[in-house]
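**Q** Contents of input.cif (mmCIF, C-alpha atoms) are given next:
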data_final
loop_
_atom_site.label_atom_id
_atom_site.label_comp_id
_atom_site.auth_asym_id
_atom_site.auth_seq_id
_atom_site.Cartn_x
_atom_site.Cartn_y
_atom_site.Cartn_z
CA MET A 1 65.94 296.02 10.11
CA PRO A 2 67.65 292.94 11.63
CA SER A 3 71.02 292.05 10.08
CA PRO A 4 69.83 288.92 8.17
CA TYR A 5 67.40 291.15 6.30
CA ARG A 6 70.08 293.79 5.63
CA ALA A 7 72.32 291.09 4.19
CA ILE A 8 69.93 290.04 1.43
CA PHE A 9 69.82 293.60 0.10
CA ALA A 10 73.58 293.70 -0.46
CA ALA A 11 73.09 292.44 -4.03
CA PRO A 12 72.58 295.23 -6.62
CA GLY A 13 69.01 295.76 -7.75
CA THR A 14 67.31 294.04 -4.84
CA LYS A 15 65.88 297.21 -3.33
CA GLY A 16 64.52 298.30 -6.69
CA PHE A 17 62.66 295.13 -7.60
CA SER A 18 61.40 294.74 -4.01
CA ALA A 19 59.90 298.23 -4.03
CA ALA A 20 58.30 297.64 -7.43
CA GLY A 21 56.97 294.30 -6.21
CA LEU A 22 55.39 295.96 -3.19
CA ILE A 23 53.46 298.37 -5.41
CA GLY A 24 52.55 295.71 -7.94
CA ARG A 25 51.19 293.17 -5.48
CA LEU A 26 49.19 295.64 -3.38
CA PRO A 27 46.20 295.08 -5.71
CA ILE A 28 46.09 291.42 -4.62
CA SER A 29 44.52 292.48 -1.35
CA MET A 30 42.62 295.42 -2.82
CA VAL A 31 40.77 294.19 -5.89
CA GLY A 32 38.69 291.43 -4.32
CA VAL A 33 37.76 293.38 -1.18
CA GLY A 34 37.29 296.53 -3.28
CA ILE A 35 34.86 294.83 -5.66
CA LEU A 36 33.08 293.21 -2.72
CA THR A 37 32.66 296.59 -1.04
CA MET A 38 31.71 298.34 -4.29
CA ILE A 39 28.94 295.89 -5.17
CA SER A 40 27.62 295.77 -1.61
CA GLU A 41 27.55 299.58 -1.52
CA ILE A 42 25.77 299.84 -4.87
CA THR A 43 23.34 296.90 -4.62
CA GLY A 44 23.51 295.57 -1.04
CA ARG A 45 23.71 292.01 -2.45
CA TYR A 46 26.47 290.06 -0.69
CA ALA A 47 25.80 286.88 -2.64
CA MET A 48 26.20 288.81 -5.90
CA ALA A 49 29.35 290.54 -4.63
CA SER A 50 30.87 287.26 -3.48
CA ALA A 51 30.06 285.53 -6.77
CA LEU A 52 31.71 288.35 -8.69
CA THR A 53 34.92 288.25 -6.64
CA GLY A 54 34.83 284.47 -6.93
CA THR A 55 34.66 284.75 -10.72
CA LEU A 56 37.70 287.00 -10.70
CA ALA A 57 39.60 284.58 -8.49
CA LEU A 58 38.68 281.55 -10.60
CA ALA A 59 39.67 283.35 -13.80
CA ALA A 60 43.03 284.24 -12.25
CA ALA A 61 43.41 280.60 -11.21
CA VAL A 62 42.93 279.43 -14.78
CA ILE A 63 44.92 282.13 -16.58
CA GLY A 64 47.64 282.87 -13.99
CA PRO A 65 49.69 279.67 -14.40
CA GLN A 66 49.58 280.07 -18.18
CA VAL A 67 50.94 283.61 -17.88
CA SER A 68 53.70 282.37 -15.58
CA ARG A 69 54.54 279.51 -17.93
CA LEU A 70 55.01 282.05 -20.70
CA VAL A 71 57.18 284.11 -18.35
CA ASP A 72 59.43 281.09 -17.77
CA GLN A 73 59.75 280.68 -21.53
CA TYR A 74 60.04 284.27 -22.77
CA GLY A 75 60.95 286.42 -19.77
CA GLN A 76 59.06 288.74 -17.44
CA ARG A 77 59.13 291.94 -19.50
CA ARG A 78 57.78 290.41 -22.74
CA VAL A 79 54.83 288.73 -21.01
CA LEU A 80 53.89 290.82 -17.97
CA ARG A 81 53.33 294.15 -19.72
CA PRO A 82 50.68 292.99 -22.23
CA ALA A 83 49.03 290.78 -19.61
CA THR A 84 48.79 293.72 -17.22
CA LEU A 85 47.29 296.00 -19.87
CA ILE A 86 44.55 293.44 -20.57
CA SER A 87 43.78 293.04 -16.86
CA VAL A 88 43.68 296.77 -16.17
CA ALA A 89 41.42 297.37 -19.16
CA ALA A 90 39.03 294.68 -17.92
CA VAL A 91 38.91 296.11 -14.40
CA SER A 92 38.16 299.53 -15.89
CA GLY A 93 35.30 298.01 -17.89
CA LEU A 94 33.97 296.36 -14.73
CA LEU A 95 33.90 299.66 -12.88
CA VAL A 96 32.12 301.43 -15.74
CA ALA A 97 29.55 298.64 -15.97
CA ALA A 98 28.89 298.72 -12.21
CA ALA A 99 28.64 302.50 -12.08
CA ASN A 100 26.14 302.61 -14.94
CA GLY A 101 23.97 299.74 -13.77
CA LEU A 102 24.64 297.50 -16.75
CA PRO A 103 23.29 293.90 -16.67
CA ASP A 104 24.94 291.53 -14.22
CA TRP A 105 26.38 289.33 -16.97
CA THR A 106 28.57 292.20 -18.19
CA LEU A 107 30.18 292.44 -14.75
CA PHE A 108 31.02 288.74 -14.82
CA VAL A 109 32.52 288.99 -18.31
CA PHE A 110 34.83 291.82 -17.28
CA ALA A 111 35.73 290.00 -14.04
CA ALA A 112 36.70 286.90 -16.02
CA ILE A 113 38.95 288.86 -18.39
CA ALA A 114 40.54 290.67 -15.45
CA GLY A 115 41.84 287.28 -14.34
CA CYS A 116 44.75 287.87 -16.70
CA VAL A 117 46.44 289.68 -13.79
CA PRO A 118 50.01 288.38 -13.32
CA SER A 119 51.29 286.94 -10.04
CA VAL A 120 53.70 289.72 -9.10
CA GLY A 121 54.75 287.99 -5.89
CA SER A 122 55.90 284.94 -7.86
CA MET A 123 57.90 287.17 -10.20
CA VAL A 124 59.71 288.82 -7.31
CA ARG A 125 60.41 285.52 -5.57
CA ALA A 126 61.82 284.15 -8.82
CA ARG A 127 64.31 287.04 -8.83
CA TRP A 128 65.36 286.27 -5.25
CA THR A 129 65.80 282.62 -6.18
CA THR A 130 68.04 283.52 -9.11
CA LEU A 131 70.23 285.63 -6.83
CA TYR A 132 70.49 283.27 -3.84
CA ARG A 133 69.94 279.81 -5.29
CA ASP A 134 73.33 278.71 -3.92
CA SER A 135 72.85 280.44 -0.54
CA PRO A 136 70.10 278.60 1.38
CA ARG A 137 70.23 280.86 4.45
CA GLU A 138 69.84 284.05 2.43
CA LEU A 139 67.11 282.50 0.31
CA HIS A 140 65.16 281.53 3.45
CA THR A 141 65.44 285.11 4.70
CA ALA A 142 64.39 286.46 1.30
CA TYR A 143 61.31 284.24 1.27
CA SER A 144 60.53 285.40 4.79
CA PHE A 145 60.88 289.01 3.74
CA GLU A 146 58.52 288.45 0.83
CA SER A 147 55.92 286.91 3.13
CA VAL A 148 56.21 289.97 5.35
CA VAL A 149 55.69 292.19 2.30
CA ASP A 150 52.61 290.12 1.41
CA GLU A 151 51.21 290.74 4.86
CA VAL A 152 52.01 294.45 4.71
CA CYS A 153 49.95 294.52 1.53
CA PHE A 154 47.13 292.68 3.29
CA ILE A 155 47.33 295.14 6.17
CA PHE A 156 47.07 298.28 4.10
CA GLY A 157 45.28 296.94 1.00
CA PRO A 158 41.88 296.30 2.62
CA ILE A 159 42.11 299.57 4.56
CA LEU A 160 42.67 301.47 1.31
CA ALA A 161 40.09 299.55 -0.70
CA ILE A 162 37.28 299.59 1.86
CA GLY A 163 38.12 303.10 3.04
CA LEU A 164 38.16 304.56 -0.47
CA SER A 165 34.98 302.76 -1.55
CA THR A 166 33.00 303.71 1.57
CA THR A 167 34.18 307.31 2.01
CA TRP A 168 34.99 308.49 -1.52
CA PHE A 169 32.93 306.65 -4.14
CA PRO A 170 32.14 302.91 -4.52
CA GLU A 171 34.47 302.32 -7.47
CA ALA A 172 37.47 304.05 -5.86
CA GLY A 173 39.04 300.96 -4.27
CA PRO A 174 39.29 298.80 -7.41
CA LEU A 175 40.33 301.85 -9.43
CA ILE A 176 43.36 302.62 -7.26
CA ALA A 177 44.23 298.91 -7.24
CA ALA A 178 44.37 298.88 -11.04
CA VAL A 179 46.64 301.91 -11.05
CA CYS A 180 49.00 300.28 -8.54
CA LEU A 181 49.17 297.11 -10.64
CA LEU A 182 50.04 299.05 -13.77
CA VAL A 183 52.72 301.15 -12.08
CA GLY A 184 54.24 298.25 -10.15
CA VAL A 185 54.54 295.91 -13.12
CA TRP A 186 56.05 298.62 -15.32
CA LEU A 187 58.66 299.48 -12.69
CA LEU A 188 59.46 295.81 -12.08
CA THR A 189 59.89 294.90 -15.73
CA ALA A 190 62.04 297.98 -16.33
CA GLN A 191 64.73 296.38 -14.15
CA ARG A 192 66.41 294.01 -16.58
CA SER A 193 69.59 293.22 -14.64
CA THR A 194 67.81 291.06 -12.04
CA GLU A 195 65.27 289.49 -14.38
CA PRO A 196 65.60 285.68 -14.43
CA ALA A 197 66.81 284.30 -17.73
CA PRO A 198 64.03 282.71 -19.80
CA HIS A 199 64.10 278.97 -20.44
CA PRO A 200 62.88 278.34 -24.00
CA ARG A 201 61.74 274.76 -24.35
CA GLU A 202 61.48 272.45 -27.31
CA ALA A 203 58.09 272.23 -28.98
CA GLU A 204 57.25 268.86 -27.44
CA ALA A 205 58.02 270.15 -23.91
CA LYS A 206 56.08 273.40 -24.09
CA HIS A 207 52.87 271.93 -22.76
CA THR A 208 54.41 270.06 -19.85
CA SER A 209 53.12 271.59 -16.65
CA ALA A 210 54.97 271.96 -13.38
CA LEU A 211 51.82 270.57 -11.77
CA ARG A 212 52.92 267.08 -12.83
CA SER A 213 55.07 267.09 -9.70
CA PRO A 214 53.29 265.02 -6.99
CA GLY A 215 54.67 267.32 -4.28
CA LEU A 216 53.33 270.43 -6.01
CA GLN A 217 49.95 268.72 -6.40
CA VAL A 218 49.74 268.27 -2.63
CA LEU A 219 50.76 271.86 -1.92
CA THR A 220 48.30 273.26 -4.45
CA ALA A 221 45.40 271.11 -3.23
CA THR A 222 46.05 272.12 0.36
CA PHE A 223 46.10 275.77 -0.59
CA VAL A 224 42.73 275.49 -2.28
CA ALA A 225 41.32 274.81 1.18
CA THR A 226 43.57 277.51 2.66
CA GLY A 227 42.23 280.00 0.13
CA ALA A 228 38.70 279.09 1.21
CA ILE A 229 39.73 280.13 4.73
CA PHE A 230 40.89 283.51 3.47
CA GLY A 231 37.85 284.10 1.27
CA SER A 232 35.37 283.18 3.98
CA ILE A 233 37.07 285.36 6.59
CA ASP A 234 37.10 288.39 4.27
CA VAL A 235 33.38 288.13 3.49
CA SER A 236 32.33 287.16 7.02
CA THR A 237 34.32 289.95 8.65
CA LEU A 238 32.90 292.60 6.32
CA ALA A 239 29.35 291.40 6.94
CA PHE A 240 29.88 290.98 10.70
CA ALA A 241 31.22 294.52 11.00
CA GLU A 242 28.17 295.82 9.12
CA GLU A 243 25.83 293.91 11.46
CA GLN A 244 27.64 295.53 14.40
CA GLY A 245 27.03 298.95 12.82
CA HIS A 246 30.69 299.62 11.95
CA LYS A 247 31.21 298.44 8.39
CA SER A 248 34.31 300.56 7.83
CA ALA A 249 35.96 298.84 10.83
CA ALA A 250 36.23 295.66 8.77
CA SER A 251 39.37 296.96 7.08
CA PHE A 252 41.09 297.46 10.44
CA ILE A 253 39.99 294.05 11.70
CA LEU A 254 41.43 292.40 8.59
CA ALA A 255 44.59 294.49 9.03
CA ILE A 256 45.03 293.11 12.56
CA TRP A 257 44.74 289.61 11.11
CA ALA A 258 47.50 290.39 8.61
CA ALA A 259 49.59 292.05 11.33
CA GLY A 260 49.71 288.77 13.25
CA SER A 261 51.04 287.01 10.16
CA CYS A 262 53.49 289.83 9.49
CA LEU A 263 54.94 289.62 13.00
CA ALA A 264 55.30 285.85 12.77
CA GLY A 265 56.99 286.16 9.38
CA ILE A 266 59.58 288.62 10.67
CA VAL A 267 60.51 286.35 13.56
CA PHE A 268 60.50 283.22 11.39
CA GLY A 269 62.94 284.84 8.98
CA LEU A 270 65.48 285.28 11.78
CA LEU A 271 65.46 281.58 12.63
CA HIS A 272 67.49 278.75 11.17
CA LEU A 273 65.35 275.79 12.08
CA LYS A 274 66.41 272.16 12.03
CA GLY A 275 64.30 269.12 11.28
CA ARG A 276 62.18 268.14 8.30
CA THR A 277 60.57 270.99 6.42
CA GLU A 278 57.55 268.84 5.58
CA ARG A 279 56.73 268.35 9.26
CA ARG A 280 56.87 272.10 9.94
CA TRP A 281 54.58 272.63 6.99
CA VAL A 282 51.96 270.16 8.24
CA LEU A 283 52.13 271.70 11.72
CA GLY A 284 51.56 275.14 10.19
CA ILE A 285 48.50 273.95 8.28
CA CYS A 286 47.09 272.33 11.43
CA ALA A 287 47.72 275.49 13.45
CA MET A 288 45.74 277.52 10.90
CA ALA A 289 42.88 275.01 11.08
CA VAL A 290 42.67 275.05 14.89
CA SER A 291 42.84 278.86 15.02
CA MET A 292 39.55 279.09 13.08
CA ILE A 293 37.49 277.75 16.00
CA PRO A 294 37.48 280.93 18.18
CA LEU A 295 36.09 282.98 15.27
CA LEU A 296 32.71 281.33 15.60
CA LEU A 297 32.61 282.38 19.26
CA ALA A 298 33.25 286.07 18.60
CA GLY A 299 30.33 288.13 19.82
CA ASN A 300 31.81 291.57 19.16
CA LEU A 301 34.49 293.27 17.07
CA PRO A 302 37.23 293.46 19.76
CA PHE A 303 37.00 289.71 20.44
CA LEU A 304 37.05 289.03 16.71
CA ALA A 305 40.16 291.21 16.28
CA VAL A 306 42.05 289.27 18.96
CA ALA A 307 40.99 285.92 17.52
CA LEU A 308 42.08 286.93 14.03
CA PHE A 309 45.44 288.22 15.28
CA VAL A 310 46.16 284.85 16.89
CA SER A 311 45.09 282.95 13.80
CA GLY A 312 47.33 285.15 11.66
CA LEU A 313 50.44 283.96 13.51
CA ALA A 314 50.36 280.67 11.58
CA ILE A 315 50.02 282.12 8.09
CA ALA A 316 53.41 283.60 7.15
CA PRO A 317 55.56 280.74 8.53
CA THR A 318 53.41 278.27 6.59
CA MET A 319 53.73 280.31 3.39
CA ILE A 320 57.50 280.60 3.80
CA THR A 321 57.83 276.86 4.29
CA THR A 322 55.61 276.27 1.26
CA MET A 323 57.95 278.28 -0.98
CA ALA A 324 60.90 276.25 0.28
CA LEU A 325 59.06 273.04 -0.58
CA ILE A 326 58.33 274.31 -4.08
CA GLU A 327 62.07 274.80 -4.54
CA ALA A 328 62.55 271.11 -3.79
CA HIS A 329 59.80 269.80 -6.07
CA VAL A 330 59.85 272.04 -9.14
CA PRO A 331 62.67 272.31 -11.72
CA ARG A 332 64.39 275.63 -12.27
CA ALA A 333 62.90 276.13 -15.73
CA LYS A 334 59.37 275.99 -14.26
CA LEU A 335 59.92 277.75 -10.95
CA THR A 336 57.73 280.79 -11.67
CA GLU A 337 54.91 278.55 -12.85
CA GLY A 338 55.30 276.35 -9.77
CA MET A 339 55.01 279.33 -7.44
CA THR A 340 52.01 280.59 -9.36
CA TRP A 341 50.20 277.28 -8.90
CA ILE A 342 50.17 278.00 -5.17
CA SER A 343 48.56 281.37 -5.90
CA THR A 344 46.16 279.52 -8.19
CA GLY A 345 45.18 277.14 -5.41
CA LEU A 346 44.58 280.08 -3.12
CA ALA A 347 42.54 281.85 -5.81
CA VAL A 348 40.30 278.83 -6.38
CA GLY A 349 39.82 278.50 -2.63
CA VAL A 350 39.04 282.19 -2.23
CA ALA A 351 36.45 281.90 -5.01
CA VAL A 352 34.75 278.90 -3.41
CA GLY A 353 35.06 280.21 0.15
CA SER A 354 33.76 283.69 -0.60
CA SER A 355 30.87 282.43 -2.74
CA VAL A 356 29.72 279.81 -0.23
CA THR A 357 30.13 282.25 2.65
CA GLY A 358 28.05 284.86 0.86
CA LEU A 359 25.21 282.36 0.54
CA VAL A 360 25.53 281.32 4.19
CA ILE A 361 25.50 284.95 5.37
CA ASP A 362 22.42 285.80 3.32
CA ALA A 363 20.64 282.77 4.79
CA ALA A 364 21.83 282.64 8.41
CA GLY A 365 23.72 285.81 9.31
CA ALA A 366 27.30 287.03 9.33
CA GLN A 367 28.69 285.03 12.24
CA ARG A 368 27.62 281.75 10.66
CA GLY A 369 29.95 282.56 7.80
CA TYR A 370 32.86 281.50 10.01
CA VAL A 371 31.51 277.95 9.90
CA VAL A 372 32.88 277.91 6.34
CA SER A 373 36.27 279.00 7.72
CA ILE A 374 36.31 276.10 10.18
CA ALA A 375 35.26 273.61 7.52
CA ALA A 376 37.96 274.88 5.15
CA GLY A 377 40.63 274.64 7.86
CA THR A 378 39.63 271.05 8.57
CA ALA A 379 39.83 270.21 4.87
CA ALA A 380 43.29 271.80 4.58
CA ALA A 381 44.62 269.73 7.49
CA ALA A 382 43.11 266.55 6.06
CA VAL A 383 44.72 267.08 2.65
CA ALA A 384 48.07 267.94 4.25
CA PHE A 385 48.09 264.72 6.26
CA ALA A 386 46.96 262.64 3.28
CA GLY A 387 49.68 264.06 1.03
CA TYR A 388 52.55 264.07 3.52
CA ARG A 389 54.22 260.99 2.04
CA ARG A 390 54.27 262.58 -1.41
CA LEU A 391 56.16 265.56 -0.04
CA THR A 392 58.81 263.37 1.53
CA ARG A 393 59.28 261.31 -1.62
CA PRO A 394 62.43 262.16 -3.65
CA ALA A 395 61.82 263.57 -7.11
CA GLN A 396 62.34 260.97 -9.86
CA GLY A 397 64.10 258.66 -7.47
CA GLU A 398 66.79 261.20 -6.49
CA GLU A 399 67.72 261.33 -2.84
CA PRO A 400 67.25 264.81 -1.40
CA SER A 401 70.40 266.49 -0.22
CA THR A 402 70.78 267.83 3.30
CA ASP A 403 72.56 270.84 4.66
CA GLY A 404 75.02 270.99 7.47
CA ASP A 405 72.31 270.84 10.10
CA GLY A 406 70.76 267.70 8.69
CA ASP A 407 67.71 269.57 7.46
CA ASN A 408 65.73 268.34 4.52
CA SER A 409 66.65 269.82 1.17
CA ALA A 410 63.32 271.59 0.88
CA GLU A 411 64.95 274.49 2.68
CA ALA A 412 67.81 274.49 0.18
CA PRO A 413 67.80 275.17 -3.56
CA ALA A 414 67.07 272.17 -5.71
CA ASP A 415 67.80 271.78 -9.41
CA HIS A 416 66.13 268.55 -10.37
CA VAL A 417 63.09 267.75 -12.38
CA ALA A 418 60.02 266.81 -10.37
#
So that I can check it, write out the structure of this file as structure tokens.
**A**
Amino acid sequence: MPSPYRAIFAAPGTKGFSAAGLIGRLPISMVGVGILTMISEITGRYAMASALTGTLALAAAVIGPQVSRLVDQYGQRRVLRPATLISVAAVSGLLVAAANGLPDWTLFVFAAIAGCVPSVGSMVRARWTTLYRDSPRELHTAYSFESVVDEVCFIFGPILAIGLSTTWFPEAGPLIAAVCLLVGVWLLTAQRSTEPAPHPREAEAKHTSALRSPGLQVLTATFVATGAIFGSIDVSTLAFAEEQGHKSAASFILAIWAAGSCLAGIVFGLLHLKGRTERRWVLGICAMAVSMIPLLLAGNLPFLAVALFVSGLAIAPTMITTMALIEAHVPRAKLTEGMTWISTGLAVGVAVGSSVTGLVIDAAGAQRGYVVSIAAGTAAAAVAFAGYRRLTRPAQGEEPSTDGDGDNSAEAPADHVA
């Protein structure tokens, strides 16, 4: 591992909570694809499968920020364990209902309750922020490392979920995902020494959301469109691989996509870039949008794999820059909630993207599903450009500080109220 990455693990407890976070966030890439594969295997209805995964994503979008807000107030251990138990129980109910052919509405009810799943990635990033708030370089590397871990999960998660559901039994993918969530959260919350201190608020301040920050509003709105990219690509790739007669290959194609992002994240974490963070962020969003175009031209799986690898190169750097911008626009007492709003935006986008793509595929074929990806990329770029001025605006009239290289403070810790 390159020396900047070794350095961030010098602090006690970092290896432990990182390992637990890896296990706990693996379900993020497994549950949706696993349910999609399970329903398509059992019923062959892609529109139904997409609607079900969309329901799960929307439920997580609604409930997730509330769970994270409670975490900021009461601490990770007190909130994450009961929330995880509820989510795992709901996923179990969903699998039983699907296996026994219960009415469709029961599947949607369980999917909605399963949205109580906590944002494990946000919890881990909050721990890194607590450790390296006063060390911008180390915090940048830590965020980069976490983006790499995310991509590792997205490399192996779909392979596990699709592979288990297609070769073992249809419910196997979501089942293993639920087990990983339970184990990961329990291991993470058992580590009390690195848990961020809770920030109890007065009664009148309890209902104040981090989303009141104009900068966070721009980031979240942009990531709704970004999530639509992700959701549409997942569904389109699975359907395209099935049309080509190699459905199980979809997991490897999606893994190649994540590998491109993983590689870019590793390299990005070694850099100490100058210039405004907001500009790098807009460039990253635009790069993702442009990289969607070749997907519509893919006529076979090898071409699609190459196109997805290239498009993946823009993902991790954009995510890393996004987390730095959250640091600049969200107060410390609401940091976990602020990070979760990004996941919420992605979840809403995934729900919309996967549902719309499922309808398009049923009507016009798998390859046409990538039209949704292109449209979502265009929307993301448009929102990013429209909201650029909000991101550059100081919070509550405070001038952003700069580091020694003249970079914008979004790359450095910020402790002001947005």
**Q** Considering all atoms listed in the file, can you say which of A:Leu254, A:Leu301, A:Met292, A:Ile326 comes closest to Val371 in chain A?
**A**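 The shortest atom-to-atom distance to Val371 in chain A comes from A:Met292.
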**Q** Of the residues A:Glu243, A:Ser251, A:Gly227, A:Thr84, which is the one nearest to Val352 in chain A, using all atoms listed in the file?
**A**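 Once distances to Val352 in chain A are computed over all atoms listed in the file, the minimum belongs to A:Gly227.
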**Q** Which distance in Å separates CA of Ala98 in chain A and CA of Thr167 in chain A, to one decimal?
**A**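 Between CA of Ala98 in chain A and CA of Thr167 in chain A the gap works out to 17.4 Å.
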**Q** Which residue, A:Leu308, A:Ala197, A:Leu359, A:Leu219, has the smallest gap to Ala126 in chain A when you use only C-alpha atoms?
**A** A:Ala197
**Q** One decimal, Å: what's the distance from CA of Val360 in chain A over to CA of Glu242 in chain A, could you say?
**A**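 CA of Val360 in chain A sits 15.5 Å away from CA of Glu242 in chain A.
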**Q** Taking into account only C-alpha atoms, which residue in the set A:Val183, A:Thr321, A:Ile233, A:Gly115 is nearest to Leu304 in chain A?
**A**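 When distances to Leu304 in chain A are compared using only C-alpha atoms, the smallest one comes from A:Ile233.
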**Q** Spell out the residues picked by the PyMOL selection byres ((chain A and resi 252) around 9) here, as a short mmCIF file (atom, residue, chain, number, x, y, z; two decimals) with C-alpha atoms, keeping the file's coordinate frame.
**A**
data_model
loop_
_atom_site.label_atom_id
_atom_site.label_comp_id
_atom_site.auth_asym_id
_atom_site.auth_seq_id
_atom_site.Cartn_x
_atom_site.Cartn_y
_atom_site.Cartn_z
CA ILE A 155 47.33 295.14 6.17
CA PHE A 156 47.07 298.28 4.10
CA PRO A 158 41.88 296.30 2.62
CA ILE A 159 42.11 299.57 4.56
CA SER A 248 34.31 300.56 7.83
CA ALA A 249 35.96 298.84 10.83
CA ALA A 250 36.23 295.66 8.77
CA SER A 251 39.37 296.96 7.08
CA ILE A 253 39.99 294.05 11.70
CA LEU A 254 41.43 292.40 8.59
CA ALA A 255 44.59 294.49 9.03
CA ILE A 256 45.03 293.11 12.56
CA TRP A 257 44.74 289.61 11.11
CA ALA A 305 40.16 291.21 16.28
#
**Q** Excluding same-chain residues fewer than 2 positions from range 176-180 of chain A, what lies within 9 Å of it counting all atoms listed in the file, as a compact mmCIF listing (two decimals) with C-alpha atoms, keeping the file's coordinate frame?
**A**
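For reference, around-v3.txt as written:
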# COMPACT_ATOMS: atom_id res chain seq x y z
CA ILE A 23 53.46 298.37 -5.41
CA GLY A 24 52.55 295.71 -7.94
CA ARG A 25 51.19 293.17 -5.48
CA LEU A 26 49.19 295.64 -3.38
CA PRO A 27 46.20 295.08 -5.71
CA ILE A 28 46.09 291.42 -4.62
CA SER A 29 44.52 292.48 -1.35
CA MET A 30 42.62 295.42 -2.82
CA VAL A 31 40.77 294.19 -5.89
CA GLY A 34 37.29 296.53 -3.28
CA SER A 87 43.78 293.04 -16.86
CA VAL A 88 43.68 296.77 -16.17
CA ALA A 89 41.42 297.37 -19.16
CA VAL A 91 38.91 296.11 -14.40
CA SER A 92 38.16 299.53 -15.89
CA GLY A 157 45.28 296.94 1.00
CA LEU A 160 42.67 301.47 1.31
CA ALA A 161 40.09 299.55 -0.70
CA LEU A 164 38.16 304.56 -0.47
CA GLU A 171 34.47 302.32 -7.47
CA ALA A 172 37.47 304.05 -5.86
CA GLY A 173 39.04 300.96 -4.27
CA PRO A 174 39.29 298.80 -7.41
CA LEU A 182 50.04 299.05 -13.77
CA VAL A 183 52.72 301.15 -12.08
CA GLY A 184 54.24 298.25 -10.15
CA VAL A 185 54.54 295.91 -13.12
**Q** Could you please determine the separation between CA of Leu263 in chain A and CA of Tyr143 in chain A in Å, to one decimal place?
**A** 14.4 Å
**Q** Pick the closest to Gly21 in chain A from A:Val267, A:Ala347, A:Met339, A:Leu181: which is it, counting all atoms listed in the file?
**A**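 Closest to Gly21 in chain A of all the choices is A:Leu181.
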**Q** With the PyMOL selection byres ((chain A and resi 288) around 7) as the selection, what would be picked from this file? Answer as a list in words, please.
**A** Gly284, Ile285, Cys286, Ala287, Ala289, Val290, Ser291, Met292, Ser311, Ala314, Ile315 and Gly377 of chain A
**Q** List the residues matched by the PyMOL selection byres ((chain A and resi 39) around 12) in the displayed structure as a PyMOL selection string, ordered by chain and then by residue number.
**A** chain A and resi 31-38+40-53+94-95+97-99+101+104+107+162+165-166+169-174
**Q** Output C-alpha atoms for every residue in the selection just made, as an mmCIF file, in the frame of the given file.
**A**
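Result file follows (selection.cif):
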data_model
loop_
_atom_site.group_PDB
_atom_site.id
_atom_site.type_symbol
_atom_site.label_atom_id
_atom_site.label_comp_id
_atom_site.auth_asym_id
_atom_site.auth_seq_id
_atom_site.Cartn_x
_atom_site.Cartn_y
_atom_site.Cartn_z
ATOM 1 C CA VAL A 31 40.770 294.190 -5.890
ATOM 2 C CA GLY A 32 38.690 291.430 -4.320
ATOM 3 C CA VAL A 33 37.760 293.380 -1.180
ATOM 4 C CA GLY A 34 37.290 296.530 -3.280
ATOM 5 C CA ILE A 35 34.860 294.830 -5.660
ATOM 6 C CA LEU A 36 33.080 293.210 -2.720
ATOM 7 C CA THR A 37 32.660 296.590 -1.040
ATOM 8 C CA MET A 38 31.710 298.340 -4.290
ATOM 9 C CA SER A 40 27.620 295.770 -1.610
ATOM 10 C CA GLU A 41 27.550 299.580 -1.520
ATOM 11 C CA ILE A 42 25.770 299.840 -4.870
ATOM 12 C CA THR A 43 23.340 296.900 -4.620
ATOM 13 C CA GLY A 44 23.510 295.570 -1.040
ATOM 14 C CA ARG A 45 23.710 292.010 -2.450
ATOM 15 C CA TYR A 46 26.470 290.060 -0.690
ATOM 16 C CA ALA A 47 25.800 286.880 -2.640
ATOM 17 C CA MET A 48 26.200 288.810 -5.900
ATOM 18 C CA ALA A 49 29.350 290.540 -4.630
ATOM 19 C CA SER A 50 30.870 287.260 -3.480
ATOM 20 C CA ALA A 51 30.060 285.530 -6.770
ATOM 21 C CA LEU A 52 31.710 288.350 -8.690
ATOM 22 C CA THR A 53 34.920 288.250 -6.640
ATOM 23 C CA LEU A 94 33.970 296.360 -14.730
ATOM 24 C CA LEU A 95 33.900 299.660 -12.880
ATOM 25 C CA ALA A 97 29.550 298.640 -15.970
ATOM 26 C CA ALA A 98 28.890 298.720 -12.210
ATOM 27 C CA ALA A 99 28.640 302.500 -12.080
ATOM 28 C CA GLY A 101 23.970 299.740 -13.770
ATOM 29 C CA ASP A 104 24.940 291.530 -14.220
ATOM 30 C CA LEU A 107 30.180 292.440 -14.750
ATOM 31 C CA ILE A 162 37.280 299.590 1.860
ATOM 32 C CA SER A 165 34.980 302.760 -1.550
ATOM 33 C CA THR A 166 33.000 303.710 1.570
ATOM 34 C CA PHE A 169 32.930 306.650 -4.140
ATOM 35 C CA PRO A 170 32.140 302.910 -4.520
ATOM 36 C CA GLU A 171 34.470 302.320 -7.470
ATOM 37 C CA ALA A 172 37.470 304.050 -5.860
ATOM 38 C CA GLY A 173 39.040 300.960 -4.270
ATOM 39 C CA PRO A 174 39.290 298.800 -7.410
#
**Q** If you count only C-alpha atoms, which residues fall within 8 Å of range 79-82 of chain A, apart from same-chain ones fewer than 5 positions away, as a ChimeraX atom specification?
**A** /A:67,70-71,74,118,185-186,189
**Q** Suppose we keep C-alpha atoms; can you now write the selection as a short mmCIF file (atom, residue, chain, number, x, y, z; two decimals), in the coordinates of the input?
**A**
data_model
loop_
_atom_site.label_atom_id
_atom_site.label_comp_id
_atom_site.auth_asym_id
_atom_site.auth_seq_id
_atom_site.Cartn_x
_atom_site.Cartn_y
_atom_site.Cartn_z
CA VAL A 67 50.94 283.61 -17.88
CA LEU A 70 55.01 282.05 -20.70
CA VAL A 71 57.18 284.11 -18.35
CA TYR A 74 60.04 284.27 -22.77
CA PRO A 118 50.01 288.38 -13.32
CA VAL A 185 54.54 295.91 -13.12
CA TRP A 186 56.05 298.62 -15.32
CA THR A 189 59.89 294.90 -15.73
#
